[in-house]
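Asker: Got start.txt for you, compact mmCIF, C-alpha atoms and all ligand atoms:
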```txt
# COMPACT_ATOMS: atom_id res chain seq x y z
CA MET A 271 6.20 158.39 72.37
CA ILE A 272 2.99 156.74 71.32
CA SER A 273 1.54 157.91 67.97
CA LYS A 274 -2.02 158.74 66.98
CA ASP A 275 -1.86 156.13 64.21
CA GLU A 276 -0.91 153.44 66.70
CA ILE A 277 -3.89 154.35 68.86
CA LYS A 278 -6.27 154.50 65.88
CA LYS A 279 -5.07 151.09 64.73
CA TYR A 280 -5.68 149.61 68.16
CA LEU A 281 -9.14 151.18 68.48
CA LYS A 282 -10.02 149.61 65.14
CA GLU A 283 -8.69 146.28 66.32
CA ILE A 284 -10.99 146.29 69.35
CA GLU A 285 -13.83 147.51 67.11
CA VAL A 286 -14.66 150.77 68.83
CA ASP A 287 -13.28 153.11 66.15
CA ASP A 288 -16.74 154.27 65.11
CA LEU A 289 -17.40 155.50 68.65
CA ILE A 290 -14.28 157.69 68.77
CA ARG A 291 -14.72 161.38 68.10
CA ASN A 292 -11.38 162.93 68.98
CA ILE A 293 -7.89 161.79 69.99
CA GLN A 294 -5.20 164.03 71.45
CA ILE A 295 -1.80 163.08 72.77
CA MET A 296 0.20 165.11 75.26
CA GLY A 297 3.34 163.30 76.32
CA ASP A 298 2.24 160.10 78.04
CA THR A 299 -1.37 161.16 78.28
CA VAL A 300 -3.89 160.16 75.65
CA MET A 301 -7.19 162.07 75.65
CA ILE A 302 -10.08 160.45 73.86
CA ASP A 303 -13.64 161.64 73.30
CA MET A 304 -15.82 158.58 73.03
CA LEU A 305 -19.48 158.25 72.20
CA SER A 306 -21.98 156.28 74.26
CA HIS A 307 -25.49 155.63 72.99
CA SER A 308 -26.77 154.96 76.49
CA PRO A 309 -27.36 157.69 79.07
CA ALA A 310 -27.14 155.16 81.92
CA MET A 311 -24.36 155.83 84.42
CA HIS A 312 -23.45 152.16 84.74
CA GLU A 313 -22.93 151.88 80.96
CA LYS A 314 -20.56 154.85 81.04
CA LYS A 315 -18.70 153.33 83.97
CA ARG A 316 -18.45 149.96 82.20
CA MET A 317 -17.02 151.67 79.12
CA GLU A 318 -14.50 153.60 81.17
CA VAL A 319 -13.30 150.52 83.07
CA ALA A 320 -13.05 148.43 79.89
CA MET A 321 -11.15 151.14 78.00
CA GLN A 322 -8.70 151.64 80.86
CA ALA A 323 -8.09 147.88 81.03
CA ALA A 324 -7.71 147.59 77.25
CA PHE A 325 -5.21 150.46 77.14
CA GLU A 326 -3.19 149.13 80.02
CA GLU A 327 -3.02 145.68 78.45
CA LYS A 328 -1.84 147.07 75.12
CA PHE A 329 0.35 150.04 76.04
CA GLY A 330 1.32 149.33 79.67
CA LYS A 331 1.00 151.45 82.78
CA ASP A 332 3.10 154.38 81.50
CA ILE A 333 0.40 155.59 79.16
CA HIS A 334 -2.43 157.44 80.88
CA LEU A 335 -5.83 157.44 79.31
CA LYS A 336 -8.22 160.31 79.91
CA LEU A 337 -11.60 159.34 78.57
CA ASN A 338 -14.35 161.83 77.95
CA ILE A 339 -17.62 160.02 77.34
CA ILE A 340 -20.15 161.90 75.26
CA VAL A 341 -23.73 160.68 75.43
CA GLU A 342 -25.62 160.78 72.18
CA VAL A 343 -28.95 158.99 72.07
CA PRO A 344 -29.48 158.58 68.33
CA GLU A 345 -32.62 159.82 66.56
CA LYS A 346 -34.76 158.39 69.34
CA GLU A 347 -37.24 161.20 69.76
CA THR A 348 -38.26 161.30 66.12
CA LYS A 349 -38.10 157.65 65.19
CA LYS A 350 -39.08 156.07 68.48
CA GLY A 351 -41.99 153.75 68.78
CA LYS A 352 -42.81 153.34 65.13
CA ASN A 353 -45.21 150.55 64.42
CA ILE A 354 -44.00 147.94 61.94
CA PRO A 355 -47.20 147.68 59.89
CA LYS A 356 -46.58 144.24 58.40
CA ILE A 357 -45.93 142.64 61.80
CA LYS A 358 -49.17 141.74 63.53
CA ASN A 359 -47.92 140.72 66.97
CA ILE A 360 -44.65 141.29 68.77
CA ILE A 361 -43.98 138.97 71.70
CA ALA A 362 -41.04 139.50 74.04
CA ILE A 363 -39.64 136.34 75.61
CA ALA A 364 -38.09 137.29 78.91
CA SER A 365 -36.60 135.67 82.00
CA GLY A 366 -35.60 136.87 85.42
CA LYS A 367 -32.42 134.80 85.63
CA GLY A 368 -29.92 133.72 82.98
CA GLY A 369 -29.66 130.11 81.92
CA VAL A 370 -33.27 129.14 82.64
CA GLY A 371 -33.84 128.12 79.02
CA LYS A 372 -35.38 131.28 77.57
CA SER A 373 -33.62 131.03 74.19
CA THR A 374 -34.39 127.32 73.95
CA VAL A 375 -38.06 128.07 74.59
CA ALA A 376 -38.04 131.01 72.13
CA SER A 377 -36.56 128.91 69.34
CA ASN A 378 -38.86 125.92 69.88
CA LEU A 379 -41.94 128.12 70.16
CA SER A 380 -41.07 129.99 66.97
CA ILE A 381 -40.83 126.71 65.04
CA ALA A 382 -44.00 125.37 66.71
CA LEU A 383 -45.80 128.51 65.48
CA VAL A 384 -44.49 127.90 61.94
CA LYS A 385 -45.80 124.33 62.17
CA MET A 386 -49.19 125.78 63.10
CA GLY A 387 -49.15 127.73 59.84
CA PHE A 388 -48.09 131.17 61.06
CA LYS A 389 -45.49 133.46 59.53
CA VAL A 390 -42.86 133.92 62.20
CA GLY A 391 -39.74 135.99 62.85
CA LEU A 392 -37.31 135.69 65.75
CA LEU A 393 -35.08 138.54 66.87
CA ASP A 394 -32.26 137.56 69.19
CA ALA A 395 -31.67 140.66 71.32
CA ASP A 396 -29.56 138.89 73.91
CA ILE A 397 -26.35 140.89 73.63
CA TYR A 398 -24.74 139.12 76.54
CA GLY A 399 -24.98 135.68 74.97
CA PRO A 400 -26.73 135.54 71.60
CA SER A 401 -27.42 131.82 71.20
CA ILE A 402 -30.10 131.79 68.50
CA PRO A 403 -27.57 131.46 65.62
CA THR A 404 -26.24 128.26 67.26
CA MET A 405 -29.71 126.88 67.92
CA PHE A 406 -30.69 127.43 64.28
CA ASP A 407 -27.42 126.18 62.81
CA ALA A 408 -26.77 129.64 61.43
CA VAL A 409 -23.55 130.63 63.21
CA ASN A 410 -21.66 131.30 59.99
CA GLU A 411 -24.48 133.18 58.29
CA LYS A 412 -24.01 136.86 57.51
CA PRO A 413 -27.25 138.66 56.65
CA ILE A 414 -26.97 140.73 53.49
CA SER A 415 -28.34 144.18 52.89
CA LYS A 416 -30.73 144.77 49.98
CA GLU A 417 -31.80 148.32 49.12
CA ASN A 418 -30.57 149.48 52.52
CA LYS A 419 -32.60 146.87 54.38
CA ILE A 420 -31.10 143.95 56.27
CA GLU A 421 -32.41 140.61 54.98
CA PRO A 422 -33.17 138.17 57.82
CA ILE A 423 -31.70 134.67 57.55
CA GLU A 424 -34.34 131.97 57.16
CA SER A 425 -33.97 128.68 59.02
CA TYR A 426 -36.64 126.01 59.56
CA GLY A 427 -39.21 128.48 58.23
CA VAL A 428 -38.37 131.17 60.81
CA LYS A 429 -36.92 134.55 59.77
CA LEU A 430 -34.00 135.25 62.06
CA LEU A 431 -31.89 138.20 63.03
CA SER A 432 -29.44 138.23 65.90
CA LEU A 433 -27.05 140.73 67.40
CA GLY A 434 -24.69 137.74 67.22
CA PHE A 435 -24.62 137.99 63.40
CA PHE A 436 -23.11 141.44 63.64
CA ALA A 437 -20.95 141.69 66.75
CA GLY A 438 -17.36 141.00 65.80
CA SER A 439 -15.49 138.35 67.69
CA ASN A 440 -13.04 140.96 69.03
CA GLN A 441 -15.83 143.04 70.37
CA ALA A 442 -16.13 142.99 74.15
CA VAL A 443 -19.60 142.92 75.66
CA VAL A 444 -19.25 146.51 76.90
CA TRP A 445 -18.98 147.88 73.39
CA ARG A 446 -21.94 145.89 72.27
CA GLY A 447 -23.80 147.32 75.26
CA ALA A 448 -22.94 150.84 74.21
CA MET A 449 -24.06 150.28 70.64
CA ALA A 450 -26.92 147.94 71.31
CA SER A 451 -29.81 150.40 71.27
CA LYS A 452 -28.76 151.62 67.82
CA ALA A 453 -28.39 148.04 66.62
CA ILE A 454 -31.82 147.13 68.01
CA HIS A 455 -33.34 150.06 66.14
CA GLN A 456 -31.81 148.84 62.89
CA LEU A 457 -32.77 145.22 63.43
CA LEU A 458 -36.37 146.22 64.06
CA HIS A 459 -36.94 149.05 61.62
CA ASP A 460 -34.28 148.74 58.92
CA SER A 461 -34.78 145.05 58.23
CA ASN A 462 -36.91 143.35 55.68
CA TRP A 463 -39.11 141.20 57.96
CA GLY A 464 -41.94 141.11 55.42
CA GLU A 465 -45.40 140.03 56.56
CA LEU A 466 -45.33 138.32 59.95
CA ASP A 467 -48.03 137.00 62.25
CA PHE A 468 -45.53 136.91 65.09
CA LEU A 469 -42.19 138.45 65.81
CA LEU A 470 -40.69 136.84 68.91
CA ILE A 471 -37.93 138.79 70.63
CA ASP A 472 -35.48 136.81 72.74
CA LEU A 473 -34.50 139.35 75.40
CA PRO A 474 -31.38 139.27 77.56
CA PRO A 475 -32.01 137.89 81.06
CA GLY A 476 -33.14 140.30 83.77
CA THR A 477 -34.19 143.87 83.25
CA GLY A 478 -32.02 146.49 81.66
CA ASP A 479 -31.21 148.88 78.85
CA ILE A 480 -32.10 146.49 76.03
CA HIS A 481 -35.57 145.96 77.46
CA LEU A 482 -36.08 149.69 77.62
CA SER A 483 -34.76 150.15 74.07
CA ILE A 484 -37.18 147.56 72.74
CA VAL A 485 -40.29 148.88 74.45
CA GLN A 486 -39.35 152.32 73.15
CA GLU A 487 -38.71 151.14 69.61
CA VAL A 488 -41.84 149.09 69.00
CA PRO A 489 -45.23 148.45 70.55
CA VAL A 490 -44.70 145.07 72.21
CA THR A 491 -48.03 143.22 72.13
CA GLY A 492 -47.20 141.03 75.10
CA ALA A 493 -44.45 139.40 77.11
CA VAL A 494 -43.90 135.78 78.07
CA ILE A 495 -41.67 135.00 81.04
CA VAL A 496 -39.70 131.76 81.27
CA SER A 497 -38.40 130.46 84.58
CA THR A 498 -37.30 127.35 86.39
CA PRO A 499 -39.28 126.57 89.56
CA GLN A 500 -36.27 127.41 91.70
CA HIS A 501 -36.85 129.85 94.53
CA ILE A 502 -34.18 132.37 93.53
CA ALA A 503 -35.31 132.28 89.90
CA LEU A 504 -38.86 133.10 90.96
CA ALA A 505 -37.72 136.16 92.89
CA ASP A 506 -36.27 137.51 89.65
CA VAL A 507 -39.45 136.65 87.73
CA LYS A 508 -41.27 139.08 90.00
CA LYS A 509 -38.74 141.80 89.14
CA GLY A 510 -39.29 141.11 85.43
CA LEU A 511 -43.04 141.20 85.87
CA GLY A 512 -42.70 144.44 87.80
CA MET A 513 -40.86 145.99 84.87
CA PHE A 514 -43.49 145.05 82.26
CA GLN A 515 -46.27 146.17 84.57
CA MET A 516 -44.75 149.57 85.41
CA PRO A 517 -47.32 152.18 84.36
CA GLU A 518 -44.75 153.80 82.04
CA ILE A 519 -44.03 150.51 80.27
CA ASN A 520 -47.37 148.73 80.49
CA VAL A 521 -46.73 145.65 78.36
CA PRO A 522 -49.34 142.94 79.08
CA VAL A 523 -47.83 139.69 80.34
CA LEU A 524 -49.31 136.82 78.31
CA GLY A 525 -48.16 134.17 80.73
CA LEU A 526 -45.42 132.27 82.50
CA ILE A 527 -43.65 129.09 81.33
CA GLU A 528 -42.09 126.62 83.75
CA ASN A 529 -38.93 125.20 82.18
CA MET A 530 -36.90 122.33 83.61
CA ALA A 531 -40.00 121.53 85.67
CA TYR A 532 -38.97 117.95 86.52
CA PHE A 533 -36.89 115.03 85.36
CA THR A 534 -38.09 111.55 84.43
CA PRO A 535 -35.39 108.90 83.95
CA LYS A 536 -35.95 106.52 81.00
CA GLU A 537 -35.85 103.47 83.27
CA LEU A 538 -38.52 104.94 85.60
CA PRO A 539 -41.02 106.50 83.17
CA ASP A 540 -43.67 107.02 85.83
CA ASN A 541 -41.43 108.93 88.20
CA LYS A 542 -41.02 112.68 88.28
CA TYR A 543 -38.11 114.22 90.15
CA TYR A 544 -38.59 117.90 90.89
CA LEU A 545 -34.93 118.90 90.90
CA PHE A 546 -35.53 122.66 91.07
CA GLY A 547 -38.63 122.56 93.27
CA LYS A 548 -42.20 121.54 92.53
CA LYS A 549 -44.49 123.69 90.40
CA GLY A 550 -43.00 126.97 91.66
CA VAL A 551 -43.84 128.89 88.47
CA GLN A 552 -47.33 127.46 88.26
CA LYS A 553 -48.05 128.47 91.86
CA LEU A 554 -46.62 131.93 91.25
CA SER A 555 -48.81 132.45 88.21
CA GLU A 556 -51.86 131.36 90.19
CA SER A 557 -51.10 133.71 93.06
CA LEU A 558 -50.48 136.63 90.70
CA GLU A 559 -53.41 135.70 88.44
CA ILE A 560 -51.24 135.55 85.34
CA PRO A 561 -51.93 132.78 82.81
CA PHE A 562 -49.79 129.67 83.21
CA LEU A 563 -48.77 128.55 79.72
CA GLY A 564 -47.31 125.17 80.62
CA GLU A 565 -44.34 123.20 81.88
CA ILE A 566 -41.38 121.67 80.06
CA PRO A 567 -39.46 118.84 81.75
CA ILE A 568 -35.70 118.46 81.67
CA ILE A 569 -35.07 116.32 78.61
CA GLN A 570 -31.58 115.54 77.44
CA SER A 571 -32.50 115.70 73.77
CA ILE A 572 -33.86 119.26 74.17
CA ARG A 573 -30.34 120.32 75.18
CA GLU A 574 -28.67 118.17 72.53
CA ALA A 575 -30.96 119.45 69.79
CA SER A 576 -30.20 123.08 70.67
CA ASP A 577 -26.47 122.45 70.67
CA TYR A 578 -26.75 120.62 67.36
CA GLY A 579 -28.62 123.50 65.74
CA ARG A 580 -31.95 121.78 65.13
CA PRO A 581 -34.45 122.62 67.89
CA ALA A 582 -36.11 119.66 69.61
CA VAL A 583 -39.58 120.47 68.32
CA LEU A 584 -38.39 119.33 64.88
CA GLN A 585 -37.63 115.83 66.12
CA ASP A 586 -39.92 112.91 65.54
CA ASN A 587 -40.81 112.91 69.21
CA GLU A 588 -44.46 113.37 69.91
CA ILE A 589 -44.00 114.09 73.60
CA ILE A 590 -41.69 117.01 72.93
CA SER A 591 -43.65 118.47 70.00
CA ASN A 592 -46.89 118.20 72.01
CA ILE A 593 -45.37 120.05 74.95
CA TYR A 594 -44.32 123.00 72.79
CA SER A 595 -47.43 123.05 70.63
CA ASN A 596 -49.68 123.06 73.73
CA ILE A 597 -47.72 125.97 75.18
CA CYS A 598 -47.98 127.75 71.82
CA LYS A 599 -51.73 127.27 71.73
CA LYS A 600 -52.09 128.69 75.23
CA MET A 601 -49.86 131.62 74.33
CA VAL A 602 -51.92 132.39 71.24
CA GLN A 603 -55.16 132.07 73.25
CA SER A 604 -53.80 134.50 75.83
CA LEU A 605 -52.77 136.85 73.01
CA VAL A 606 -56.18 136.73 71.36
CA LYS A 607 -57.81 137.49 74.71
CA ARG A 608 -55.36 140.33 75.26
CA ASN A 609 -56.06 141.78 71.78
CA GLU A 610 -59.81 141.55 72.37
CA ASN A 611 -59.75 143.15 75.80
CA LEU A 612 -56.95 145.68 75.74
CA PRO A 613 -56.07 148.53 73.40
CA PRO A 614 -52.94 148.12 71.27
CA THR A 615 -49.73 148.66 73.22
CA GLU A 616 -48.13 152.00 72.66
CA ALA A 617 -44.40 152.25 72.35
CA VAL A 618 -43.02 153.73 75.48
CA ARG A 619 -41.59 157.16 76.03
CA ILE A 620 -39.37 156.64 79.00
CA THR A 621 -37.90 159.62 80.74
CA THR A 622 -36.34 157.95 83.75
CA MET A 623 -34.44 154.75 84.51
CA ALA A 624 -36.00 154.57 87.98
CA GLY A 625 -37.38 151.15 88.82
CA CYS A 626 -35.26 149.21 86.34
CA SER A 627 -32.32 147.47 87.91
CA THR A 628 -29.22 146.83 85.83
CA GLN A 629 -27.93 143.40 84.89
N1 LIG A 701 -36.14 121.67 79.08
C1 LIG A 701 -34.83 121.52 78.97
N2 LIG A 701 -34.23 120.30 79.14
C2 LIG A 701 -32.91 120.14 79.04
N3 LIG A 701 -32.05 121.14 78.79
C3 LIG A 701 -32.57 122.39 78.63
C4 LIG A 701 -33.98 122.63 78.69
N4 LIG A 701 -34.19 123.96 78.47
C5 LIG A 701 -32.97 124.50 78.25
N5 LIG A 701 -32.00 123.58 78.35
C6 LIG A 701 -30.55 123.78 78.24
O1 LIG A 701 -30.17 124.70 79.28
C7 LIG A 701 -29.13 125.57 78.83
C8 LIG A 701 -29.58 127.02 78.98
O2 LIG A 701 -30.63 127.26 78.05
P1 LIG A 701 -30.77 128.64 77.26
O3 LIG A 701 -29.48 129.03 76.62
O4 LIG A 701 -31.96 128.53 76.41
O5 LIG A 701 -31.04 129.60 78.49
P2 LIG A 701 -31.29 131.19 78.51
O6 LIG A 701 -32.23 131.42 79.61
O7 LIG A 701 -31.62 131.68 77.16
O8 LIG A 701 -29.86 131.66 78.92
P3 LIG A 701 -29.22 133.14 78.74
O9 LIG A 701 -30.29 134.08 78.40
O10 LIG A 701 -28.59 133.36 80.09
O11 LIG A 701 -28.22 132.98 77.63
C9 LIG A 701 -28.85 125.17 77.39
O12 LIG A 701 -27.78 124.29 77.39
C10 LIG A 701 -30.12 124.45 76.95
O13 LIG A 701 -29.89 123.51 75.93
```
Once you've parsed the file, please lay out its structure as structure tokens.

Answerer:
Amino acid sequence: MISKDEIKKYLKEIEVDDLIRNIQIMGDTVMIDMLSHSPAMHEKKRMEVAMQAAFEEKFGKDIHLKLNIIVEVPEKETKKGKNIPKIKNIIAIASGKGGVGKSTVASNLSIALVKMGFKVGLLDADIYGPSIPTMFDAVNEKPISKENKIEPIESYGVKLLSLGFFAGSNQAVVWRGAMASKAIHQLLHDSNWGELDFLLIDLPPGTGDIHLSIVQEVPVTGAVIVSTPQHIALADVKKGLGMFQMPEINVPVLGLIENMAYFTPKELPDNKYYLFGKKGVQKLSESLEIPFLGEIPIIQSIREASDYGRPAVLQDNEIISNIYSNICKKMVQSLVKRNENLPPTEAVRITTMAGCSTQ
């Protein structure tokens, strides 16, 4: 018969031990009470499916798992929506689709802002694929805790924190999902960001629980949406816009950025090939009357620089640094206009998930 110690050991191995509240064994049946920090049905379902699969893989089909998921949304009501007084502006970098270059844009913009003389932080909230540590050559960094506050890592003048610094390599995405809202709270409120002009938040693609957690945790000053000009990517941009513009969320959209706008081969410097469609994001922003912040072509060294851990804006390449600094200037202009014309954003008190699709 399977023992409690064996089960505990395995739960520790897959890094979910801190979510387990009770274990009981009756013959071949193991009953586990497990905590979820998300009230969303799909999160509970994901947890259930992943636990069943993990148990079957480890203990075989003869052991039956009965999982009781307990929802506990931690300290939200009292702590939710606290301003972070030393952070002047919080900008969420979002995208409708995955892989459109959102993290690449977020990292280059954060460094371009530093070059303009601002104090900048970057929070990588992309639980499904945190790539900021790679882009900043900080994969092996482990932030330390000083007087109960997490110290961000500093790279190229940007203060960085990423869910990727904390999630263990054994940890499946579902567990991170279940714990993410608590982690986001800590990364925002229990970290020593110091004085910042801008905190950029690299969101996961699409719309989902993390987005809701963030708009509940802090007043997001504005959102920037990155997309390729491709038709199907644009459809998802509209969904993202819809989320920020929902009356309950109400985060002003500072503008759209067209990434991978076109390709120019070295041997034909005057030619532009619109591989993903021509100016789709620009046209969308015009039709929706949302500022267009600029376009970034497909450039091999942008990709190489990200993979290498030294974002392209740091290269001695005037074309690339001008592209990002122009976008930055437009973003800051849009922000200044927003701050002049609109009241400060309030952190959101969301009571329903209606209207927000899952990823
Ligand atoms: N303008 C560009 N030119 C060339 N390559 C680019 C450009 N922008 C991004 N890339 C490359 O495209 C890939 C996807 O970019 P990135 O990881 O930033 O996307 P993302 O939208 O953050 O993805 P996800 O959120 O799904 O992880 C990366 O390999 C990146 O280096």

Asker: Counting all atoms listed in the file, which of A:Val490, A:Leu524, A:Pro403, A:Ser461 gets nearest to Leu511 (chain A)?

Answerer: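 For Leu511 (chain A), the nearest of the given residues is A:Leu524.
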
Asker: Name the residues in contact with Pro355 (chain A) at a cut-off of 9 Å, using all atoms listed in the file, excluding same-chain residues fewer than 3 positions from it; report them as JSON, numbers by chain.

Answerer: {"A": [352, 358, 465]}

Asker: List the residues sitting within 6 Å of (-7.7, 161.5, 76.7) in the file's frame, using only C-alpha atoms, as a ChimeraX atom specification.

Answerer: /A:300-302,335-337

Asker: Determine, for each residue of chain A having at least one atom at most 9 Å from an atom of ligand LIG 701 (chain A), the closest pair of atoms and their separation in Å to one decimal, counting all atoms listed in the file; order by chain and ascending number, as JSON lines.

Answerer:
```
{"residue": "A:Ala364", "atom": "CA", "partner": "A:LIG701", "partner_atom": "O6", "distance": 8.3}
{"residue": "A:Ser365", "atom": "CA", "partner": "A:LIG701", "partner_atom": "O6", "distance": 6.5}
{"residue": "A:Gly366", "atom": "CA", "partner": "A:LIG701", "partner_atom": "O6", "distance": 8.6}
{"residue": "A:Lys367", "atom": "CA", "partner": "A:LIG701", "partner_atom": "O10", "distance": 6.9}
{"residue": "A:Gly368", "atom": "CA", "partner": "A:LIG701", "partner_atom": "O10", "distance": 3.2}
{"residue": "A:Gly369", "atom": "CA", "partner": "A:LIG701", "partner_atom": "O8", "distance": 3.4}
{"residue": "A:Val370", "atom": "CA", "partner": "A:LIG701", "partner_atom": "O6", "distance": 3.9}
{"residue": "A:Gly371", "atom": "CA", "partner": "A:LIG701", "partner_atom": "O5", "distance": 3.2}
{"residue": "A:Lys372", "atom": "CA", "partner": "A:LIG701", "partner_atom": "O6", "distance": 3.8}
{"residue": "A:Ser373", "atom": "CA", "partner": "A:LIG701", "partner_atom": "O7", "distance": 3.6}
{"residue": "A:Thr374", "atom": "CA", "partner": "A:LIG701", "partner_atom": "O4", "distance": 3.7}
{"residue": "A:Val375", "atom": "CA", "partner": "A:LIG701", "partner_atom": "O4", "distance": 6.4}
{"residue": "A:Ala376", "atom": "CA", "partner": "A:LIG701", "partner_atom": "O4", "distance": 7.8}
{"residue": "A:Ser377", "atom": "CA", "partner": "A:LIG701", "partner_atom": "O4", "distance": 8.4}
{"residue": "A:Asp396", "atom": "CA", "partner": "A:LIG701", "partner_atom": "O9", "distance": 6.6}
{"residue": "A:Tyr398", "atom": "CA", "partner": "A:LIG701", "partner_atom": "O11", "distance": 7.1}
{"residue": "A:Gly399", "atom": "CA", "partner": "A:LIG701", "partner_atom": "O11", "distance": 5.0}
{"residue": "A:Pro400", "atom": "CA", "partner": "A:LIG701", "partner_atom": "O11", "distance": 6.7}
{"residue": "A:Ser401", "atom": "CA", "partner": "A:LIG701", "partner_atom": "O3", "distance": 6.4}
{"residue": "A:Ile402", "atom": "CA", "partner": "A:LIG701", "partner_atom": "O3", "distance": 8.6}
{"residue": "A:Met405", "atom": "CA", "partner": "A:LIG701", "partner_atom": "O13", "distance": 8.7}
{"residue": "A:Asp472", "atom": "CA", "partner": "A:LIG701", "partner_atom": "O7", "distance": 7.8}
{"residue": "A:Leu473", "atom": "CA", "partner": "A:LIG701", "partner_atom": "O9", "distance": 7.4}
{"residue": "A:Pro474", "atom": "CA", "partner": "A:LIG701", "partner_atom": "O9", "distance": 5.4}
{"residue": "A:Pro475", "atom": "CA", "partner": "A:LIG701", "partner_atom": "O9", "distance": 5.0}
{"residue": "A:Gly476", "atom": "CA", "partner": "A:LIG701", "partner_atom": "O9", "distance": 8.7}
{"residue": "A:Val496", "atom": "CA", "partner": "A:LIG701", "partner_atom": "O6", "distance": 7.7}
{"residue": "A:Ser497", "atom": "CA", "partner": "A:LIG701", "partner_atom": "O6", "distance": 8.0}
{"residue": "A:Asn529", "atom": "CA", "partner": "A:LIG701", "partner_atom": "N1", "distance": 5.5}
{"residue": "A:Met530", "atom": "CA", "partner": "A:LIG701", "partner_atom": "N1", "distance": 4.6}
{"residue": "A:Ala531", "atom": "CA", "partner": "A:LIG701", "partner_atom": "N1", "distance": 7.6}
{"residue": "A:Tyr532", "atom": "CA", "partner": "A:LIG701", "partner_atom": "N1", "distance": 8.8}
{"residue": "A:Phe533", "atom": "CA", "partner": "A:LIG701", "partner_atom": "N2", "distance": 8.6}
{"residue": "A:Glu565", "atom": "CA", "partner": "A:LIG701", "partner_atom": "N1", "distance": 8.8}
{"residue": "A:Ile566", "atom": "CA", "partner": "A:LIG701", "partner_atom": "N1", "distance": 5.3}
{"residue": "A:Pro567", "atom": "CA", "partner": "A:LIG701", "partner_atom": "N1", "distance": 5.1}
{"residue": "A:Ile568", "atom": "CA", "partner": "A:LIG701", "partner_atom": "N2", "distance": 3.5}
{"residue": "A:Ile569", "atom": "CA", "partner": "A:LIG701", "partner_atom": "N2", "distance": 4.1}
{"residue": "A:Gln570", "atom": "CA", "partner": "A:LIG701", "partner_atom": "C2", "distance": 5.0}
{"residue": "A:Ser571", "atom": "CA", "partner": "A:LIG701", "partner_atom": "C2", "distance": 6.9}
{"residue": "A:Ile572", "atom": "CA", "partner": "A:LIG701", "partner_atom": "C2", "distance": 5.0}
{"residue": "A:Arg573", "atom": "CA", "partner": "A:LIG701", "partner_atom": "O13", "distance": 3.3}
{"residue": "A:Glu574", "atom": "CA", "partner": "A:LIG701", "partner_atom": "O13", "distance": 6.4}
{"residue": "A:Ala575", "atom": "CA", "partner": "A:LIG701", "partner_atom": "O13", "distance": 7.4}
{"residue": "A:Ser576", "atom": "CA", "partner": "A:LIG701", "partner_atom": "O13", "distance": 5.3}
{"residue": "A:Asp577", "atom": "CA", "partner": "A:LIG701", "partner_atom": "O13", "distance": 6.4}
```

Asker: Which value, in Å to one decimal, gives the distance between CA of Glu588 (chain A) and CA of Gly525 (chain A)?

Answerer: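 Atom-to-atom, CA of Glu588 (chain A) to CA of Gly525 (chain A), that is 23.7 Å.
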
Asker: So, counting all atoms listed in the file, which residue among A:Lys549, A:Lys508, A:Lys385, A:Lys412 is closest to Ser591 (chain A)?

Answerer: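 That would be A:Lys385, the residue with the smallest distance to Ser591 (chain A).
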
Asker: Rounded to one decimal, what separation in Å do you get between CA of Leu526 (chain A) and CA of Asn353 (chain A)?

Answerer: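 Taking CA of Leu526 (chain A) and CA of Asn353 (chain A), their separation equals 25.7 Å.
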
Asker: Which one is closest to His307 (chain A): A:Asp479, A:Glu285, A:Asp460, A:Glu327? Count all atoms listed in the file.

Answerer: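 The closest residue to His307 (chain A) is A:Asp479.
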
Asker: Could you work out an axis-aligned bounding box for all listed atoms of region 413-422 of chain A, with 8 Å added on each of the six sides, and give its centre and edge lengths in Å to one decimal, as JSON?

Answerer:
```
{"center_x": -30.1, "center_y": 143.8, "center_z": 53.5, "size_x": 22.2, "size_y": 27.3, "size_z": 24.7}
```

Asker: Just give me the gap between CA of Phe562 (chain A) and CA of Ile597 (chain A) in Å, one decimal is fine.

Answerer: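 Answer for the CA of Phe562 (chain A) to CA of Ile597 (chain A) separation: 9.1 Å.
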
Asker: Which neighbours of region 578-580 of chain A fall inside 7 Å, counting all atoms listed in the file, when residues of the same chain fewer than 6 positions from it are skipped, and could you give them as a PyMOL selection string?

Answerer: chain A and resi 404-407

Asker: Considering all atoms listed in the file, can you say which of A:Asn587, A:Ser380, A:Ser604, A:Asn292 comes closest to Ile277 (chain A)?

Answerer: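 Once distances to Ile277 (chain A) are computed over all atoms listed in the file, the minimum belongs to A:Asn292.
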
Asker: Give me the residues near Ile339 (chain A) as a list of chain:residue names, where near means some atom within 12 Å (using only C-alpha atoms) and where sequence neighbours in that chain fewer than 2 positions away do not count.

Answerer: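 Close residues of Ile339 (chain A): A:Leu289, A:Ile290, A:Arg291, A:Asn292, A:Met301, A:Ile302, A:Asp303, A:Met304, A:Leu305, A:Ser306, A:His307, A:Ser308, A:Pro309, A:Ala310, A:Met311, A:Glu313, A:Lys314, A:Lys315, A:Arg316, A:Met317, A:Glu318, A:Val319, A:Met321, A:Lys336, A:Leu337, A:Val341, A:Glu342, A:Ala448.
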
Asker: Extract, using all atoms listed in the file, all DNA, RNA and protein residues at most 12 Å from Phe329 (chain A), discarding same-chain residues fewer than 5 positions from it, and format them as a list of chain:residue names.

Answerer: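 In the requested form, the answer reads A:Met271, A:Ile272, A:Ser273, A:Glu276, A:Ile277, A:Tyr280, A:Asp298, A:Thr299, A:Val300, A:Met321, A:Gln322, A:Ala323, A:Ala324, A:His334, A:Leu335.
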
Asker: Rank nothing, just name the residue among A:Thr477, A:Gln294, A:Asn592, A:Asn520 nearest to Asp275 (chain A), using all atoms listed in the file.

Answerer: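 For Asp275 (chain A), the nearest of the candidates is A:Gln294.
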
Asker: Point out the residue among A:Gly564, A:Pro422, A:Pro489, A:Gly434 with the least atom-to-atom distance to Gly464 (chain A), counting only C-alpha atoms.

Answerer: A:Pro422
